[in-house]
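Asks: Sharing input-v1.cif, mmCIF, C-alpha atoms:
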```cif
data_coords
loop_
_atom_site.label_atom_id
_atom_site.label_comp_id
_atom_site.auth_asym_id
_atom_site.auth_seq_id
_atom_site.Cartn_x
_atom_site.Cartn_y
_atom_site.Cartn_z
CA VAL A 1 0.00 0.00 0.00
CA PRO A 2 2.77 2.56 0.76
CA LEU A 3 4.35 1.71 -2.61
CA GLY A 4 0.93 2.11 -4.22
CA VAL A 5 0.54 5.58 -2.69
CA PHE A 6 4.03 6.57 -3.89
CA TRP A 7 3.47 5.38 -7.47
CA SER A 8 -0.03 6.92 -7.63
CA VAL A 9 1.35 10.33 -6.61
CA PHE A 10 4.44 10.07 -8.85
CA LEU A 11 2.59 8.86 -11.97
CA GLY A 12 -0.28 11.29 -11.30
CA LEU A 13 2.23 14.16 -11.47
CA VAL A 14 3.70 12.69 -14.69
CA TRP A 15 0.24 12.56 -16.29
CA LEU A 16 -0.64 16.08 -15.17
CA ARG A 17 2.70 17.86 -15.68
CA LEU A 18 4.69 16.02 -18.38
CA LEU A 19 2.15 14.49 -20.77
CA GLU A 20 -0.27 16.18 -23.14
CA VAL A 21 -3.39 17.39 -21.32
CA PRO A 22 -6.59 17.47 -23.43
CA ASP A 23 -8.48 20.71 -24.02
CA PRO A 24 -10.72 21.36 -20.92
CA SER A 25 -13.60 22.40 -23.20
CA VAL A 26 -13.50 18.96 -24.88
CA VAL A 27 -12.53 16.79 -21.89
CA PRO A 28 -13.56 18.60 -18.67
CA HIS A 29 -12.26 17.68 -15.19
CA TYR A 30 -9.20 15.80 -16.49
CA GLN A 31 -7.09 16.64 -13.39
CA ALA A 32 -9.77 15.36 -11.00
CA GLY A 33 -10.04 12.18 -13.10
CA VAL A 34 -6.31 11.46 -12.81
CA VAL A 35 -6.41 11.94 -9.01
CA ALA A 36 -9.51 9.75 -8.62
CA PHE A 37 -8.06 6.88 -10.67
CA GLY A 38 -4.84 7.01 -8.60
CA LEU A 39 -6.90 6.94 -5.39
CA SER A 40 -9.01 4.00 -6.63
CA ALA A 41 -5.80 2.04 -7.31
CA VAL A 42 -4.73 2.56 -3.67
CA VAL A 43 -8.19 1.53 -2.40
CA GLU A 44 -8.03 -1.66 -4.49
CA LEU A 45 -4.58 -2.45 -3.06
CA LEU A 46 -6.10 -2.45 0.46
CA GLY A 47 -8.09 -5.54 -0.52
CA GLU A 48 -5.18 -7.33 -2.18
CA PRO A 49 -4.18 -9.50 0.85
CA LEU A 50 -7.78 -10.71 1.12
CA TRP A 51 -7.88 -11.42 -2.62
CA VAL A 52 -4.67 -13.48 -2.36
CA LEU A 53 -6.06 -15.37 0.65
CA ALA A 54 -9.28 -16.14 -1.25
CA GLN A 55 -7.31 -17.32 -4.31
CA ALA A 56 -5.02 -19.56 -2.24
CA HIS A 57 -7.98 -21.27 -0.57
CA LEU A 58 -10.05 -21.57 -3.76
CA PHE A 59 -12.89 -19.27 -2.67
CA VAL A 60 -14.09 -19.06 -6.26
CA ARG A 61 -17.68 -18.10 -5.40
CA LEU A 62 -16.49 -15.14 -3.28
CA LYS A 63 -14.35 -13.86 -6.16
CA VAL A 64 -17.17 -14.21 -8.70
CA ILE A 65 -19.71 -12.44 -6.46
CA ALA A 66 -17.30 -9.65 -5.42
CA GLU A 67 -16.18 -8.88 -8.98
CA SER A 68 -19.72 -9.14 -10.36
CA LEU A 69 -21.20 -6.79 -7.73
CA SER A 70 -18.41 -4.23 -8.18
CA ALA A 71 -18.63 -4.34 -12.00
CA VAL A 72 -22.44 -4.04 -11.97
CA SER A 73 -22.29 -1.16 -9.46
CA LYS A 74 -19.76 0.64 -11.66
CA CYS A 75 -21.83 0.15 -14.82
CA VAL A 76 -25.14 1.21 -13.20
CA LEU A 77 -23.61 4.38 -11.72
CA THR A 78 -21.95 5.22 -15.05
CA VAL A 79 -25.21 4.84 -16.99
CA ILE A 80 -27.23 6.88 -14.47
CA LEU A 81 -24.71 9.75 -14.35
CA VAL A 82 -24.17 9.80 -18.16
CA ILE A 83 -27.94 10.14 -18.67
CA LEU A 84 -28.65 12.62 -15.85
CA TYR A 85 -25.42 14.68 -15.69
CA PRO A 86 -23.52 14.37 -19.01
CA GLN A 87 -21.82 17.73 -18.35
CA TRP A 88 -19.82 16.16 -15.48
CA GLY A 89 -17.44 14.62 -18.04
CA LEU A 90 -14.63 12.61 -16.44
CA TYR A 91 -16.16 13.01 -12.96
CA ILE A 92 -18.61 10.27 -14.01
CA PHE A 93 -15.96 7.67 -14.83
CA ALA A 94 -13.77 8.68 -11.87
CA LEU A 95 -16.65 8.22 -9.40
CA ALA A 96 -17.62 4.94 -11.04
CA GLN A 97 -14.04 3.63 -10.74
CA LEU A 98 -13.89 4.65 -7.07
CA LEU A 99 -17.20 2.86 -6.46
CA TYR A 100 -15.87 -0.26 -8.22
CA ALA A 101 -12.75 -0.39 -6.03
CA SER A 102 -14.70 0.34 -2.83
CA VAL A 103 -17.38 -2.31 -3.44
CA LEU A 104 -14.71 -4.89 -4.38
CA VAL A 105 -12.74 -4.30 -1.16
CA MET A 106 -15.88 -4.18 1.00
CA CYS A 107 -17.12 -7.54 -0.37
CA TYR A 108 -13.86 -9.22 0.68
CA VAL A 109 -13.75 -7.44 4.06
CA ILE A 110 -17.38 -8.30 4.93
CA TYR A 111 -16.93 -11.94 3.87
CA PHE A 112 -13.78 -12.50 5.93
CA VAL A 113 -15.18 -10.62 8.98
CA MET A 114 -18.08 -13.10 8.93
CA PHE A 115 -15.99 -16.15 7.97
CA LEU A 116 -13.00 -15.87 10.31
CA GLY A 117 -13.74 -17.47 13.68
CA SER A 118 -16.94 -19.09 12.37
CA PRO A 119 -17.65 -22.85 12.81
CA GLU A 120 -17.02 -23.32 9.06
CA ALA A 121 -13.52 -21.81 9.35
CA THR A 122 -12.78 -23.99 12.39
CA LYS A 123 -14.01 -27.07 10.54
CA LYS A 124 -11.69 -26.28 7.60
CA SER A 125 -8.76 -25.61 10.00
CA PHE A 126 -8.38 -22.17 8.40
CA PRO A 127 -4.89 -20.78 9.26
CA ILE A 128 -6.15 -17.30 10.24
CA ALA A 129 -8.58 -16.76 13.12
CA ARG A 130 -8.97 -12.96 13.28
CA MET A 131 -8.93 -10.02 10.87
CA LYS A 132 -6.16 -8.47 13.00
CA ALA A 133 -3.84 -11.26 11.84
CA LEU A 134 -4.02 -9.87 8.29
CA LEU A 135 -2.52 -6.51 9.28
CA PRO A 136 1.26 -5.90 9.00
CA LYS A 137 3.18 -6.72 12.17
CA MET A 138 6.60 -7.75 13.47
CA VAL A 139 6.99 -11.43 14.36
CA GLU A 140 9.36 -12.00 17.27
CA ASP A 141 10.71 -15.44 16.30
CA GLU A 142 11.33 -14.57 12.63
CA THR A 143 13.71 -12.25 10.81
CA PHE A 144 12.32 -9.04 9.35
CA LEU A 145 12.70 -10.46 5.82
CA ASN A 146 12.44 -14.03 4.58
CA TRP A 147 15.08 -13.69 1.87
CA LYS A 148 14.00 -16.79 -0.07
CA GLU A 149 10.43 -15.49 -0.34
CA ALA A 150 11.66 -11.95 -0.96
CA ARG A 151 13.76 -13.08 -3.94
CA LEU A 152 10.83 -15.07 -5.37
CA THR A 153 8.54 -12.06 -4.87
CA TRP A 154 11.08 -9.82 -6.65
CA SER A 155 11.20 -12.31 -9.55
CA PHE A 156 7.42 -12.27 -9.86
CA PHE A 157 7.37 -8.48 -9.59
CA LYS A 158 9.80 -8.16 -12.52
CA GLN A 159 7.77 -10.70 -14.48
CA SER A 160 4.50 -8.87 -13.73
CA PHE A 161 6.03 -5.54 -14.74
CA LEU A 162 7.28 -6.94 -18.05
CA LYS A 163 3.98 -8.73 -18.63
CA GLN A 164 2.21 -5.40 -18.07
CA VAL A 165 4.40 -3.80 -20.75
CA LEU A 166 3.65 -6.67 -23.13
CA THR A 167 -0.10 -6.61 -22.38
CA GLU A 168 -0.70 -2.84 -22.29
CA GLY A 169 2.42 -1.65 -24.12
CA GLU A 170 0.53 -0.05 -26.98
CA ARG A 171 -1.20 2.30 -24.52
CA TYR A 172 2.16 3.56 -23.28
CA VAL A 173 3.34 4.08 -26.87
CA MET A 174 0.09 5.97 -27.59
CA THR A 175 0.38 8.09 -24.45
CA PHE A 176 4.06 8.98 -24.46
CA LEU A 177 4.84 9.16 -28.21
CA ASN A 178 1.56 10.66 -29.52
CA VAL A 179 1.47 8.34 -32.55
CA LEU A 180 -2.36 8.63 -32.68
CA ASN A 181 -4.53 11.69 -32.10
CA PHE A 182 -7.23 11.59 -29.38
CA GLY A 183 -9.94 10.77 -31.96
CA ASP A 184 -8.11 7.70 -33.28
CA GLN A 185 -7.29 6.68 -29.71
CA GLY A 186 -11.03 6.83 -28.95
CA VAL A 187 -11.90 4.53 -31.89
CA TYR A 188 -9.09 2.15 -30.88
CA ASP A 189 -10.39 2.13 -27.30
CA VAL A 190 -13.96 1.32 -28.38
CA VAL A 191 -12.79 -1.53 -30.62
CA ASN A 192 -10.35 -2.75 -27.96
CA ASN A 193 -13.12 -2.84 -25.34
CA LEU A 194 -15.52 -4.66 -27.67
CA GLY A 195 -12.87 -7.12 -28.84
CA SER A 196 -11.61 -7.88 -25.35
CA LEU A 197 -15.05 -8.72 -23.91
CA VAL A 198 -14.52 -12.42 -24.55
CA ALA A 199 -10.98 -12.27 -23.15
CA ARG A 200 -12.17 -10.59 -19.96
CA PHE A 201 -15.29 -12.67 -19.35
CA ILE A 202 -14.16 -16.11 -20.57
CA PHE A 203 -10.39 -16.43 -21.00
CA LEU A 204 -9.23 -14.45 -17.94
CA PRO A 205 -11.38 -16.40 -15.42
CA ILE A 206 -10.23 -19.67 -17.02
CA GLU A 207 -6.58 -18.58 -16.83
CA GLU A 208 -6.82 -17.46 -13.19
CA SER A 209 -8.80 -20.50 -11.98
CA PHE A 210 -6.65 -23.09 -13.71
CA TYR A 211 -3.40 -21.41 -12.64
CA VAL A 212 -4.50 -22.17 -9.08
CA PHE A 213 -5.55 -25.69 -10.13
CA PHE A 214 -2.21 -26.56 -11.78
CA ALA A 215 -0.24 -24.96 -8.91
CA LYS A 216 -2.15 -27.14 -6.41
CA VAL A 217 -2.02 -30.40 -8.41
CA LEU A 218 1.65 -30.27 -9.56
CA GLU A 219 4.74 -29.38 -7.54
CA ARG A 220 6.67 -26.31 -8.69
CA GLY A 221 10.21 -26.91 -9.94
CA LYS A 222 9.99 -30.72 -10.11
CA ASN A 223 10.35 -32.70 -13.35
CA VAL A 224 7.71 -35.07 -14.71
CA LYS A 225 9.20 -38.20 -13.03
CA ASP A 226 9.16 -36.64 -9.55
CA GLN A 227 5.49 -35.63 -9.73
CA LYS A 228 2.70 -37.80 -8.29
CA GLN A 229 1.61 -39.84 -11.29
CA ASP A 230 -2.15 -39.66 -10.61
CA ASP A 231 -1.94 -35.86 -10.31
CA LEU A 232 0.21 -35.69 -13.45
CA ALA A 233 -2.34 -37.70 -15.45
CA MET A 234 -5.17 -35.43 -14.27
CA ALA A 235 -3.18 -32.27 -15.08
CA ALA A 236 -2.30 -33.54 -18.58
CA TYR A 237 -5.94 -34.50 -19.26
CA VAL A 238 -7.26 -31.12 -18.09
CA LEU A 239 -4.56 -29.17 -19.99
CA GLU A 240 -5.31 -31.01 -23.26
CA LEU A 241 -9.06 -30.37 -23.11
CA LEU A 242 -8.61 -26.82 -21.86
CA LEU A 243 -6.36 -26.05 -24.85
CA LYS A 244 -8.94 -27.58 -27.17
CA LEU A 245 -11.75 -25.53 -25.57
CA VAL A 246 -10.04 -22.12 -25.81
CA LEU A 247 -8.72 -22.91 -29.30
CA LEU A 248 -12.23 -23.63 -30.62
CA ILE A 249 -13.65 -20.51 -28.93
CA GLY A 250 -10.83 -18.43 -30.44
CA LEU A 251 -11.22 -19.96 -33.92
CA THR A 252 -14.98 -19.34 -33.85
CA ILE A 253 -14.47 -15.67 -32.94
CA THR A 254 -11.75 -15.24 -35.58
CA VAL A 255 -13.77 -16.84 -38.41
CA PHE A 256 -17.10 -15.13 -37.71
CA GLY A 257 -15.60 -11.91 -36.37
CA TYR A 258 -13.97 -11.21 -39.74
CA ALA A 259 -17.27 -11.08 -41.66
CA PHE A 260 -19.38 -9.42 -38.95
CA SER A 261 -17.00 -6.71 -37.67
CA GLN A 262 -18.43 -3.93 -39.85
CA LEU A 263 -22.03 -4.85 -39.01
CA ALA A 264 -21.28 -5.05 -35.27
CA LEU A 265 -19.65 -1.60 -35.26
CA ASP A 266 -22.47 -0.13 -37.40
CA ILE A 267 -25.10 -1.36 -34.97
CA TYR A 268 -23.03 -0.34 -31.94
CA GLY A 269 -21.83 3.12 -32.96
CA GLY A 270 -23.24 3.98 -36.39
CA SER A 271 -21.28 5.14 -39.42
CA MET A 272 -18.74 7.02 -37.25
CA LEU A 273 -17.26 3.65 -36.22
CA SER A 274 -18.12 1.47 -39.22
CA SER A 275 -16.87 3.74 -42.03
CA GLY A 276 -13.27 4.41 -40.97
CA THR A 277 -10.52 2.14 -39.67
CA GLY A 278 -12.88 0.55 -37.14
CA PRO A 279 -13.91 -2.58 -39.16
CA ASN A 280 -10.32 -3.49 -40.12
CA LEU A 281 -9.25 -2.89 -36.53
CA LEU A 282 -11.95 -5.24 -35.18
CA ARG A 283 -11.13 -7.87 -37.84
CA CYS A 284 -7.50 -7.89 -36.74
CA TYR A 285 -8.63 -7.97 -33.14
CA SER A 286 -10.69 -11.10 -33.89
CA LEU A 287 -7.43 -12.81 -34.91
CA TYR A 288 -5.73 -11.42 -31.79
CA VAL A 289 -8.43 -13.06 -29.61
CA LEU A 290 -7.28 -16.46 -30.93
CA PHE A 291 -3.71 -15.71 -29.79
CA LEU A 292 -5.03 -14.48 -26.42
CA ALA A 293 -7.01 -17.70 -25.95
CA VAL A 294 -4.09 -20.06 -26.47
CA ASN A 295 -1.58 -17.88 -24.63
CA GLY A 296 -3.72 -17.66 -21.50
CA VAL A 297 -3.85 -21.43 -20.92
CA THR A 298 -0.28 -22.24 -21.99
CA GLU A 299 1.15 -19.47 -19.79
CA CYS A 300 -0.97 -20.34 -16.75
CA PHE A 301 0.38 -23.93 -16.87
CA THR A 302 3.95 -22.75 -17.44
CA PHE A 303 3.90 -20.18 -14.61
CA ALA A 304 2.33 -22.70 -12.22
CA LEU A 305 5.36 -25.00 -12.69
CA MET A 306 8.32 -22.63 -13.03
CA CYS A 307 10.83 -22.48 -10.17
CA LYS A 308 12.57 -19.22 -9.21
CA GLU A 309 15.54 -19.81 -11.55
CA GLU A 310 13.23 -20.49 -14.50
CA VAL A 311 11.17 -17.39 -13.68
CA ASP A 312 14.38 -15.31 -13.66
CA ARG A 313 15.49 -16.77 -17.01
CA TYR A 314 12.08 -16.06 -18.48
CA ASN A 315 12.29 -12.47 -17.21
CA PHE A 316 15.34 -11.92 -19.45
CA VAL A 317 13.36 -13.28 -22.41
CA MET A 318 10.44 -10.98 -21.55
CA LEU A 319 12.77 -7.97 -21.20
CA ALA A 320 14.06 -8.48 -24.75
CA LEU A 321 10.52 -9.19 -25.98
CA SER A 322 9.17 -6.03 -24.30
CA PHE A 323 11.76 -3.83 -26.03
CA THR A 324 11.11 -5.55 -29.40
CA PHE A 325 7.34 -5.23 -28.96
CA LEU A 326 7.48 -1.50 -28.18
CA CYS A 327 9.72 -0.87 -31.22
CA ILE A 328 7.48 -2.94 -33.52
CA SER A 329 4.37 -1.14 -32.13
CA TYR A 330 5.91 2.24 -32.91
CA PHE A 331 6.95 1.36 -36.49
CA LEU A 332 3.79 -0.62 -37.39
CA THR A 333 1.62 2.26 -36.16
CA HIS A 334 3.46 4.70 -38.45
CA TRP A 335 2.97 2.20 -41.30
CA HIS A 336 -0.65 1.11 -40.70
CA GLY A 337 -2.18 3.35 -38.03
CA SER A 338 -3.98 1.78 -35.07
CA VAL A 339 -4.11 -1.63 -36.84
CA GLY A 340 -0.34 -1.75 -36.31
CA PHE A 341 -0.89 -2.01 -32.56
CA VAL A 342 -3.02 -5.13 -32.97
CA LEU A 343 -0.52 -6.72 -35.38
CA ALA A 344 2.29 -6.00 -32.89
CA ASN A 345 0.21 -7.64 -30.15
CA CYS A 346 -0.29 -10.73 -32.34
CA PHE A 347 3.49 -10.95 -32.81
CA ASN A 348 4.06 -10.54 -29.07
CA MET A 349 1.51 -13.25 -28.18
CA GLY A 350 2.89 -15.59 -30.85
CA ILE A 351 6.38 -15.44 -29.29
CA ARG A 352 4.98 -16.04 -25.79
CA ILE A 353 2.90 -19.00 -27.01
CA ALA A 354 5.98 -20.50 -28.70
CA HIS A 355 7.94 -20.23 -25.43
CA SER A 356 5.15 -21.83 -23.37
CA ILE A 357 4.61 -24.65 -25.88
CA HIS A 358 8.35 -25.36 -25.84
CA TYR A 359 8.27 -25.51 -22.01
CA ILE A 360 5.21 -27.82 -21.95
CA HIS A 361 6.74 -30.10 -24.62
CA ASP A 362 10.00 -30.39 -22.65
CA PHE A 363 8.11 -31.06 -19.41
CA PHE A 364 6.02 -33.94 -20.82
CA LYS A 365 8.55 -35.43 -23.28
CA GLU A 366 9.72 -38.11 -20.81
CA SER A 367 6.15 -39.20 -20.08
CA THR A 368 3.43 -40.84 -22.18
CA TYR A 369 1.17 -37.76 -22.00
CA ARG A 370 0.87 -35.37 -24.96
CA PRO A 371 -1.49 -32.56 -23.87
CA LEU A 372 -0.41 -30.31 -26.78
CA THR A 373 -2.54 -32.47 -29.09
CA GLY A 374 -5.36 -30.28 -27.76
CA LEU A 375 -4.13 -27.64 -30.23
CA LEU A 376 -5.01 -29.93 -33.17
CA PRO A 377 -8.74 -29.86 -34.01
CA SER A 378 -10.17 -32.57 -36.25
CA PRO A 379 -9.56 -32.10 -40.04
CA PHE A 380 -13.30 -32.13 -40.75
CA LEU A 381 -13.87 -29.30 -38.26
CA ILE A 382 -11.10 -27.25 -39.91
CA ILE A 383 -12.84 -27.70 -43.28
CA VAL A 384 -16.12 -26.48 -41.74
CA TYR A 385 -14.36 -23.40 -40.30
CA ILE A 386 -12.76 -22.58 -43.68
CA THR A 387 -16.09 -23.05 -45.50
CA SER A 388 -17.94 -20.89 -42.96
CA GLY A 389 -15.31 -18.17 -43.29
CA ILE A 390 -15.57 -18.08 -47.11
CA VAL A 391 -19.39 -18.14 -47.13
CA THR A 392 -19.73 -15.34 -44.55
CA VAL A 393 -17.15 -13.13 -46.31
CA PHE A 394 -19.07 -13.43 -49.60
CA SER A 395 -22.28 -12.77 -47.67
CA GLU A 396 -20.79 -9.56 -46.25
CA VAL A 397 -19.74 -8.38 -49.73
CA PHE A 398 -23.22 -8.92 -51.20
CA PHE A 399 -25.51 -8.01 -48.28
CA CYS A 400 -23.69 -5.72 -45.85
CA CYS A 401 -23.84 -3.02 -44.71
CA ASP A 402 -25.33 -0.21 -46.86
CA LYS A 403 -28.12 -2.18 -48.54
CA GLY A 404 -30.82 -1.80 -45.88
CA TRP A 405 -32.04 -3.92 -42.99
CA ILE A 406 -33.44 -6.75 -45.15
CA ALA A 407 -29.99 -7.40 -46.61
CA ARG A 408 -28.46 -7.20 -43.13
CA LEU A 409 -30.92 -9.79 -41.84
CA VAL A 410 -30.01 -12.09 -44.75
CA HIS A 411 -26.32 -11.68 -43.83
CA ILE A 412 -27.09 -12.44 -40.17
CA SER A 413 -29.17 -15.49 -41.16
CA ILE A 414 -26.35 -16.91 -43.32
CA GLY A 415 -23.92 -16.35 -40.46
CA ALA A 416 -26.31 -18.07 -38.02
CA LEU A 417 -26.59 -21.13 -40.31
CA CYS A 418 -22.80 -21.38 -40.64
CA PHE A 419 -22.42 -20.96 -36.88
CA ALA A 420 -25.00 -23.71 -36.23
CA ALA A 421 -23.17 -26.03 -38.65
CA THR A 422 -19.89 -25.33 -36.82
CA ILE A 423 -21.40 -26.06 -33.38
CA ILE A 424 -22.99 -29.30 -34.62
CA THR A 425 -19.64 -30.37 -36.10
CA ILE A 426 -17.92 -29.65 -32.76
CA PHE A 427 -20.50 -31.81 -30.94
CA CYS A 428 -19.96 -34.65 -33.42
CA THR A 429 -16.15 -34.56 -33.72
CA GLU A 430 -14.99 -33.38 -30.27
CA THR A 431 -16.98 -35.74 -28.04
CA LYS A 432 -14.24 -35.90 -25.39
CA LEU A 433 -14.28 -32.10 -25.06
CA VAL A 434 -18.10 -31.95 -24.92
CA HIS A 435 -18.11 -34.51 -22.09
CA PHE A 436 -15.42 -32.49 -20.22
CA VAL A 437 -17.41 -29.23 -20.51
CA ARG A 438 -20.64 -30.92 -19.40
CA SER A 439 -19.06 -32.63 -16.42
CA GLN A 440 -16.81 -29.78 -15.24
#
```
Let me see the structure of the file written as structure tokens.
Replies:
Amino acid sequence: VPLGVFWSVFLGLVWLRLLEVPDPSVVPHYQAGVVAFGLSAVVELLGEPLWVLAQAHLFVRLKVIAESLSAVSKCVLTVILVILYPQWGLYIFALAQLLYASVLVMCYVIYFVMFLGSPEATKKSFPIARMKALLPKMVEDETFLNWKEARLTWSFFKQSFLKQVLTEGERYVMTFLNVLNFGDQGVYDVVNNLGSLVARFIFLPIEESFYVFFAKVLERGKNVKDQKQDDLAMAAYVLELLLKLVLLIGLTITVFGYAFSQLALDIYGGSMLSSGTGPNLLRCYSLYVLFLAVNGVTECFTFALMCKEEVDRYNFVMLALSFTFLCISYFLTHWHGSVGFVLANCFNMGIRIAHSIHYIHDFFKESTYRPLTGLLPSPFLIIVYITSGIVTVFSEVFFCCDKGWIARLVHISIGALCFAATIITIFCTETKLVHFVRSQ
């Protein structure tokens, strides 16, 4: 929390004093918005120990309820204030973000106040009995720092920092180098938010939940022969089907997203979004979602198994990749506008996937398990995807999007038929996956 306060103040001053500040007549209350977002980050940090505790003990329902309530509260407040007080400008989003952070922290605090010391906690032999135990304190029998844990924490901090650059790097390029004007940044933000809905609501929860699963089932830093064989078999089975699941979701979004990007943006934001770079941006983002899908699962397995030395080695790889990614983002943006950011992200994710696949292959090579076969859908399903892609692209050319609503409905109907054919093919060819999804 003290570090959070320091960075919020320092970066707040950078944003207000060193970077370009938008015209107050166009974007009112910018300064107050920067302060409020910094404050909300500190508030969210207050709940971080409780979040970690909930993750470690697999309190999945608590996490789902807390994040759902906070997100819904934020959205409801935003909608109400935008309708009633549109002149408030950034005040609206700043207040909504503060509400989000406050509700999130309060959900965790209220739950643990009720849970700690309860019969259920006693029955589970929960290691913490009172809320006071979660506050910082000196322990008499221990040194001030556990150097082994401190070094591991530092390794993960470096990795998280580099991962942040790789995940959000284009925003820093946009902000610090002014490669796009505020209008183009707005279009990119809209498309980015639309395109990342699936990543946030499907892939991220899968990645976070199964990171905990793999970390619990397998022992970090041990090779395949030293693992418990029953746990290894279960982990390999789950990894294979999880890879197959996210791959098929990603392929479906890529294939159908290409032909329906312009229509989606036209319905969502009118000609302002659908006539410029928006459709091409969303088409590229549909491909990026496929990379996101595969990377999430492969990385969560890899990070669950890496020991400190492997994490440190990977940090060097990520450092080089971060620098390369930022350079590629800058040059591709000059060459192809905002689409260059998405292409740079695809390159970045491709390299990370290659590293994770190499790690998984090396880990399982001395066993009989081959979970990476989950990345190979059946040939017949691939043919159906290719056919659906061709049919929907031709449908877009002939029926979308300036030929009236009847033509649009025809385009949507053709897409729905192709989608239904794809789903039926998945049910017929991927029976093992269907059983896994139904049972789990």
Asks: Name the residues that the PyMOL selection byres ((chain A and resi 54) around 12) pulls out of this structure, and write them as an NGL selection string.
Replies: :A and (47-53 or 55-64 or 66 or 107-109 or 111-112 or 115 or 126 or 128 or 209 or 212)
Asks: May I have the residues from that selection written out with C-alpha atoms, as a compact mmCIF listing (two decimals), in the coordinates of the input?
Replies:
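Listing of part-v2.txt after writing:
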```txt
# COMPACT_ATOMS: atom_id res chain seq x y z
CA GLY A 47 -8.09 -5.54 -0.52
CA GLU A 48 -5.18 -7.33 -2.18
CA PRO A 49 -4.18 -9.50 0.85
CA LEU A 50 -7.78 -10.71 1.12
CA TRP A 51 -7.88 -11.42 -2.62
CA VAL A 52 -4.67 -13.48 -2.36
CA LEU A 53 -6.06 -15.37 0.65
CA GLN A 55 -7.31 -17.32 -4.31
CA ALA A 56 -5.02 -19.56 -2.24
CA HIS A 57 -7.98 -21.27 -0.57
CA LEU A 58 -10.05 -21.57 -3.76
CA PHE A 59 -12.89 -19.27 -2.67
CA VAL A 60 -14.09 -19.06 -6.26
CA ARG A 61 -17.68 -18.10 -5.40
CA LEU A 62 -16.49 -15.14 -3.28
CA LYS A 63 -14.35 -13.86 -6.16
CA VAL A 64 -17.17 -14.21 -8.70
CA ALA A 66 -17.30 -9.65 -5.42
CA CYS A 107 -17.12 -7.54 -0.37
CA TYR A 108 -13.86 -9.22 0.68
CA VAL A 109 -13.75 -7.44 4.06
CA TYR A 111 -16.93 -11.94 3.87
CA PHE A 112 -13.78 -12.50 5.93
CA PHE A 115 -15.99 -16.15 7.97
CA PHE A 126 -8.38 -22.17 8.40
CA ILE A 128 -6.15 -17.30 10.24
CA SER A 209 -8.80 -20.50 -11.98
CA VAL A 212 -4.50 -22.17 -9.08
```
Asks: Tell me, counting all atoms listed in the file, for each residue of stretch 120-236 of chain A within 9 Å of stretch 322-335 of chain A, which pair of atoms is nearest and how far apart they are in Å to one decimal, in rows ordered by chain and increasing number, as a tab-separated table.
Replies:
```
residue	atom	partner	partner_atom	distance
A:Leu162	CA	A:Ser322	CA	6.6
A:Lys163	CA	A:Ser322	CA	8.1
A:Val165	CA	A:Ser322	CA	6.4
A:Leu166	CA	A:Ser322	CA	5.7
A:Gly169	CA	A:Leu326	CA	6.5
A:Glu170	CA	A:Ser329	CA	6.5
A:Tyr172	CA	A:Leu326	CA	8.8
A:Val173	CA	A:Tyr330	CA	6.8
A:Met174	CA	A:Tyr330	CA	8.7
A:Leu177	CA	A:Tyr330	CA	8.4
A:Val179	CA	A:Thr333	CA	7.1
A:Leu180	CA	A:Thr333	CA	8.3
```
Asks: Can you pull out every residue within 10 Å of A:Ser261, counting all atoms listed in the file, but drop anything in the same chain fewer than 4 positions away, and send it as a list in words?
Replies: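 Surrounding residues, per the criterion: Val191, Gly195, Phe256, Gly257, Leu265, Asp266, Ser274, Gly278, Pro279, Asn280, Leu281, Leu282, Arg283, Cys284, Tyr285, Ser286 and Glu396 of chain A.
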Asks: The PyMOL selection byres ((chain A and resi 348) around 9) on the file shown: which residues, as a VMD selection string?
Replies: chain A and resid 166 to 167 321 to 322 324 to 325 343 to 347 349 to 353
Asks: What's around stretch 398-407 of chain A at 9 Å? Count all atoms listed in the file, leave out sequence neighbours fewer than 6 positions away in its own chain, and write the answer as a PyMOL selection string.
Replies: chain A and resi 260+262-263+266
Asks: Between atom CA of A:Tyr268 and atom CA of A:Thr422, what is the distance in Å, rounded to a tenth?
Replies: 25.7 Å
Asks: Just the number, please: distance in Å from atom CA of A:Gln87 to atom CA of A:Pro28, one decimal.
Replies: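 Interatomic distance, atom CA of A:Gln87 to atom CA of A:Pro28: 8.3 Å.
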Asks: Please compute the atom CA of A:Val79-atom CA of A:Gly12 distance, one decimal, in Å.
Replies: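 Result for atom CA of A:Val79 versus atom CA of A:Gly12: 26.4 Å, one decimal.
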Asks: Between A:Leu248, A:Leu243, A:Leu116, A:Leu305, which has the minimum distance to A:Ile426 (counting only C-alpha atoms)?
Replies: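 Between A:Leu248, A:Leu243, A:Leu116, A:Leu305, the residue approaching A:Ile426 most closely is A:Leu248.
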Asks: List as JSON lines every residue of stretch 215-251 of chain A that is in contact with stretch 381-392 of chain A, defined as an atom at most 12 Å from one of its atoms (using all atoms listed in the file), together with the nearest atom pair and the distance in Å rounded to one decimal, sorted by chain and then rising number.
Replies:
```
{"residue": "A:Leu247", "atom": "CA", "partner": "A:Ile382", "partner_atom": "CA", "distance": 11.7}
{"residue": "A:Leu248", "atom": "CA", "partner": "A:Leu381", "partner_atom": "CA", "distance": 9.7}
{"residue": "A:Ile249", "atom": "CA", "partner": "A:Tyr385", "partner_atom": "CA", "distance": 11.8}
{"residue": "A:Gly250", "atom": "CA", "partner": "A:Tyr385", "partner_atom": "CA", "distance": 11.6}
{"residue": "A:Leu251", "atom": "CA", "partner": "A:Tyr385", "partner_atom": "CA", "distance": 7.9}
```
Asks: Would you please work out which residue, of A:Ile253, A:Leu409, A:Asp184, A:Phe6, is nearest to A:Val289 when using all atoms listed in the file?
Replies: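 Result for the nearest residue to A:Val289: A:Ile253.
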